[in-house]
$ cat run-v7.cif   # mmCIF, C-alpha atoms
data_structure
#
loop_
_atom_site.label_atom_id
_atom_site.label_comp_id
_atom_site.auth_asym_id
_atom_site.auth_seq_id
_atom_site.Cartn_x
_atom_site.Cartn_y
_atom_site.Cartn_z
CA TYR F 1 152.98 97.69 144.93
CA ALA F 2 154.51 97.61 141.46
CA GLU F 3 152.46 94.57 140.40
CA GLU F 4 149.24 96.13 141.73
CA ALA F 5 150.05 99.29 139.73
CA GLY F 6 150.28 97.21 136.54
CA LYS F 7 154.06 97.44 136.29
CA SER F 8 156.31 94.51 135.45
CA THR F 9 158.54 93.14 138.20
CA GLY F 10 161.79 91.23 138.30
CA ILE F 11 164.47 89.93 140.60
CA ILE F 12 168.06 89.05 139.83
CA SER F 13 170.56 87.57 142.25
CA THR F 14 173.76 85.58 142.08
CA ALA F 15 172.55 84.00 145.33
CA ARG F 16 169.53 81.68 145.47
CA LEU F 17 166.34 83.41 144.33
CA THR F 18 164.83 82.16 147.59
CA HIS F 19 167.53 83.86 149.70
CA ALA F 20 166.67 86.75 152.03
CA THR F 21 166.85 89.78 149.74
CA PRO F 22 165.29 88.38 146.55
CA GLY F 23 162.76 86.34 148.54
CA ALA F 24 161.58 89.44 150.38
CA CYS F 25 160.44 90.89 147.04
CA TYR F 26 157.69 88.28 146.62
CA ALA F 27 157.28 86.14 149.76
CA HIS F 28 156.19 86.45 153.37
CA THR F 29 157.69 84.01 155.85
CA ALA F 30 158.28 83.51 159.54
CA ASP F 31 161.83 82.25 158.90
CA ARG F 32 164.23 83.39 156.17
CA ASP F 33 165.61 79.83 155.96
CA TRP F 34 162.28 78.30 154.85
CA GLU F 35 163.39 78.41 151.21
CA SER F 36 161.83 75.03 150.25
CA ASP F 37 159.38 72.66 151.91
CA ALA F 38 162.37 70.46 152.86
CA ASP F 39 163.84 73.43 154.75
CA ILE F 40 160.57 73.91 156.65
CA PHE F 41 160.44 70.18 157.47
CA ALA F 42 164.01 70.31 158.82
CA ARG F 43 163.38 73.37 161.00
CA SER F 44 159.73 73.19 162.10
CA LYS F 45 157.60 70.05 161.87
CA ASP F 46 154.60 72.07 163.05
CA ALA F 47 154.94 74.60 160.21
CA TYR F 48 155.51 71.76 157.73
CA GLU F 49 152.40 69.87 158.89
CA ALA F 50 150.40 73.12 158.74
CA LYS F 51 151.51 73.37 155.08
CA PHE F 52 153.10 76.79 155.58
CA PRO F 53 154.16 77.91 152.07
CA ASP F 54 157.89 77.91 151.47
CA ILE F 55 159.59 80.83 149.73
CA ALA F 56 160.07 79.07 146.35
CA ARG F 57 156.42 78.03 146.27
CA GLN F 58 155.32 81.59 147.03
CA MET F 59 157.04 82.78 143.86
CA LEU F 60 154.55 80.72 141.85
CA GLU F 61 151.60 81.53 144.08
CA MET F 62 152.18 85.30 144.19
CA LYS F 63 148.77 86.93 144.58
CA TYR F 64 149.64 90.36 143.24
CA GLY F 65 149.23 91.40 139.62
CA ASP F 66 150.32 88.64 137.28
CA GLY F 67 153.38 87.64 139.32
CA LEU F 68 157.04 88.22 138.61
CA GLU F 69 157.92 88.67 134.96
CA VAL F 70 161.63 87.94 135.42
CA ALA F 71 163.47 85.85 138.02
CA LEU F 72 167.15 85.09 137.28
CA GLY F 73 169.72 83.62 139.64
CA GLY F 74 170.66 80.53 141.60
CA GLY F 75 168.71 78.10 143.75
CA ARG F 76 167.52 75.47 141.27
CA SER F 77 167.35 72.71 143.93
CA LYS F 78 164.65 74.65 145.82
CA TYR F 79 162.35 74.36 142.78
CA LEU F 80 162.90 70.71 141.80
CA PRO F 81 161.46 67.52 143.38
CA LYS F 82 163.85 65.44 145.49
CA GLU F 83 163.88 62.62 142.91
CA THR F 84 164.61 64.90 139.94
CA VAL F 85 168.21 64.79 138.75
CA ASP F 86 169.72 68.23 138.27
CA PRO F 87 170.12 68.99 134.54
CA GLU F 88 173.72 70.16 134.96
CA TYR F 89 175.03 67.96 137.76
CA PRO F 90 173.99 64.28 137.38
CA ASN F 91 175.08 63.49 140.95
CA ARG F 92 172.71 66.10 142.46
CA LYS F 93 168.94 66.15 142.83
CA GLY F 94 166.28 68.63 143.77
CA GLU F 95 165.10 68.87 147.35
CA ARG F 96 161.34 69.42 147.28
CA LEU F 97 159.43 66.90 149.40
CA ASP F 98 156.03 67.74 147.87
CA ASN F 99 157.17 66.41 144.45
CA ARG F 100 156.20 69.70 142.81
CA ASP F 101 158.41 70.81 139.93
CA LEU F 102 158.07 74.57 140.20
CA THR F 103 160.02 75.10 136.97
CA LYS F 104 157.34 73.19 135.03
CA GLU F 105 154.61 74.97 136.95
CA TRP F 106 156.14 78.31 135.89
CA THR F 107 155.86 77.51 132.18
CA ALA F 108 152.38 76.00 132.64
CA LYS F 109 151.12 79.05 134.55
CA TYR F 110 152.35 81.78 132.23
CA LYS F 111 151.67 82.15 128.53
CA ASP F 112 154.77 83.09 126.52
CA SER F 113 157.07 82.02 129.34
CA ALA F 114 160.41 80.24 129.54
CA TYR F 115 162.44 78.34 132.08
CA ILE F 116 166.17 78.23 131.39
CA TRP F 117 169.20 76.89 133.26
CA ASN F 118 172.25 77.43 131.03
CA GLN F 119 174.03 80.06 128.94
CA GLN F 120 172.88 78.70 125.57
CA GLN F 121 169.22 78.91 126.58
CA PHE F 122 169.79 82.36 128.07
CA ASP F 123 171.32 83.61 124.81
CA ALA F 124 168.38 82.22 122.80
CA ILE F 125 165.67 84.13 124.73
CA ASP F 126 163.66 86.48 122.53
CA THR F 127 162.94 89.38 124.89
CA LYS F 128 160.11 90.69 122.70
CA LYS F 129 158.18 87.40 122.86
CA THR F 130 159.02 86.17 126.38
CA LYS F 131 156.61 87.60 128.95
CA HIS F 132 157.73 85.56 132.00
CA LEU F 133 161.34 84.38 132.32
CA LEU F 134 162.67 82.06 135.03
CA GLY F 135 166.40 81.30 134.95
CA LEU F 136 167.97 79.08 137.60
CA PHE F 137 171.64 78.68 136.73
CA GLU F 138 172.94 76.69 139.72
CA PRO F 139 171.48 74.37 142.38
CA SER F 140 172.53 76.92 145.03
CA TYR F 141 174.63 80.07 144.56
CA MET F 142 175.86 81.05 141.11
CA LYS F 143 179.56 80.80 140.35
CA TYR F 144 181.92 83.69 141.00
CA GLU F 145 182.95 85.62 137.88
CA GLN F 146 186.45 84.08 137.79
CA ASP F 147 185.03 80.52 138.14
CA ARG F 148 182.28 80.83 135.53
CA SER F 149 184.44 79.58 132.63
CA LYS F 150 184.69 76.18 134.39
CA ASP F 151 180.90 75.82 134.56
CA ALA F 152 179.77 73.03 132.21
CA GLY F 153 176.35 74.57 131.48
CA GLY F 154 177.60 78.11 131.45
CA GLU F 155 175.85 80.94 133.17
CA PRO F 156 175.37 84.63 132.43
CA SER F 157 177.06 87.43 134.32
CA LEU F 158 175.15 89.76 136.61
CA ALA F 159 175.42 92.48 133.94
CA ASP F 160 174.09 90.13 131.24
CA MET F 161 171.15 89.07 133.41
CA THR F 162 170.35 92.69 134.21
CA SER F 163 170.42 93.71 130.55
CA LYS F 164 168.19 90.78 129.51
CA ALA F 165 165.76 91.49 132.36
CA ILE F 166 165.45 95.15 131.41
CA ASP F 167 164.74 94.15 127.80
CA VAL F 168 161.88 91.88 128.95
CA LEU F 169 160.50 94.28 131.57
CA ALA F 170 160.68 97.35 129.30
CA ASN F 171 157.97 95.82 127.09
CA ASN F 172 155.47 97.08 129.69
CA LYS F 173 154.69 100.72 128.90
CA LYS F 174 153.54 101.27 132.51
CA GLY F 175 157.10 100.69 133.71
CA TYR F 176 158.82 98.15 135.92
CA PHE F 177 160.58 97.40 139.18
CA LEU F 178 163.80 95.38 139.09
CA MET F 179 165.80 94.26 142.15
CA VAL F 180 169.42 93.34 141.34
CA GLU F 181 171.81 91.79 143.88
CA GLY F 182 175.17 90.19 143.34
#
$ encode --input "run-v7.cif" --output "structure tokens"
Amino acid sequence: YAEEAGKSTGIISTARLTHATPGACYAHTADRDWESDADIFARSKDAYEAKFPDIARQMLEMKYGDGLEVALGGGRSKYLPKETVDPEYPNRKGERLDNRDLTKEWTAKYKDSAYIWNQQQFDAIDTKKTKHLLGLFEPSYMKYEQDRSKDAGGEPSLADMTSKAIDVLANNKKGYFLMVEG
């Protein structure tokens, strides 16, 4: 409804952005566990063969307004192809079977957009110039507050992500909707 009204929209979660609550803000699915095409394949061969869209894919294919303006949280593996090495953890890879890199598709789809995965990139975002911001800070769930200092790439706090999101979304004079979960 917010997108159709011309408002900006955003989701923030310390869980995976494809998890139940954030996913419900932009996707429709028969199973809350169909977060990537690999998840659909593992749970329903029929749905996989029918090319039912997974939750991560639906974020990019959102049909309302101009899609999410801000998406910050965990779940990087749901957006990366199975052969792509994770940028932070060299022993981990993405999980997408369709070989789509949804992080690259995000920046190709939206003008003045950014995809980030670490604290340094997060800090460098110019909220006046960035119109669509995707931040995936962990392959799955983000680190707990007390464990964040041990994270090699670094990741922002829930409060920092919320503040940055509001700065991006507030550029729309028609207003915004922001879902925050942590």
$ residues_around --input "run-v7.cif" --residues "Asp151 of chain F" --least-positions-apart "6" --cutoff "12 Å" --atoms "only C-alpha atoms" --output "ChimeraX atom specification"
/F:88-89,117-119,137-138,142-145
$ atom_distance --input "run-v7.cif" --atom1 "atom CA of Ala2 of chain F" --atom2 "atom CA of Asn171 of chain F"
14.9 Å
$ residues_near_point --input "run-v7.cif" --point "(162.2, 93.6, 148.9)" --cutoff "12 Å" --atoms "all atoms listed in the file" --output "JSON, numbers by chain"
{"F": [1, 2, 9, 10, 11, 12, 17, 18, 19, 20, 21, 22, 23, 24, 25, 26, 27, 28, 177, 178, 179, 180, 181]}
$ residues_around --input "run-v7.cif" --residues "Lys128 of chain F" --least-positions-apart "6" --cutoff "12 Å" --atoms "only C-alpha atoms" --output "list in words"
Asp112, Ser113, Lys164, Ala165, Ile166, Asp167, Val168, Leu169, Ala170, Asn171 and Asn172 of chain F
$ atom_distance --input "run-v7.cif" --atom1 "atom CA of Leu134 of chain F" --atom2 "atom CA of Trp106 of chain F"
7.6 Å
$ atom_distance --input "run-v7.cif" --atom1 "atom CA of Gln146 of chain F" --atom2 "atom CA of Ala159 of chain F"
14.4 Å
$ residues_around --input "run-v7.cif" --residues "Pro139 of chain F" --least-positions-apart "6" --cutoff "7 Å" --atoms "only C-alpha atoms" --output "list in words"
Gly74, Gly75, Arg76 and Ser77 of chain F
$ residues_around --input "run-v7.cif" --residues "segment 43-54 of chain F" --least-positions-apart "4" --cutoff "10 Å" --atoms "only C-alpha atoms" --output "MDAnalysis selection string"
chainID F and resid 18 27:39 58:59 61 78
$ resolve_selection --input "run-v7.cif" --expression "the PyMOL selection byres ((chain F and resi 72) around 7)" --output "VMD selection string"
chain F and resid 11 to 13 70 to 71 73 134 to 136 161
$ closest_residue --input "run-v7.cif" --among "F:Thr14, F:Thr127, F:Asn99, F:Ser8" --to "Leu68 of chain F" --atoms "all atoms listed in the file"
F:Ser8
$ residues_around --input "run-v7.cif" --residues "Ala114 of chain F" --least-positions-apart "6" --cutoff "10 Å" --atoms "only C-alpha atoms" --output "list in words"
Val70, Thr103, Lys104, Trp106, Thr107, Ala108, Gln121, Phe122, Ile125, Asp126, Thr130, Lys131, His132, Leu133, Leu134 and Gly135 of chain F
$ closest_residue --input "run-v7.cif" --among "F:Tyr64, F:Tyr176, F:Tyr110, F:Tyr79" --to "Arg16 of chain F" --atoms "all atoms listed in the file"
F:Tyr79
$ resolve_selection --input "run-v7.cif" --expression "the PyMOL selection byres ((chain F and resi 92) around 12)" --output "PyMOL selection string"
chain F and resi 76-77+80-91+93-95+138-140
$ closest_residue --input "run-v7.cif" --among "F:Arg57, F:Ala42, F:Gly65, F:Gln120" --to "Leu102 of chain F" --atoms "only C-alpha atoms"
F:Arg57
$ closest_residue --input "run-v7.cif" --among "F:Ala5, F:Ala15, F:Tyr141, F:Arg96" --to "Gly175 of chain F" --atoms "only C-alpha atoms"
F:Ala5
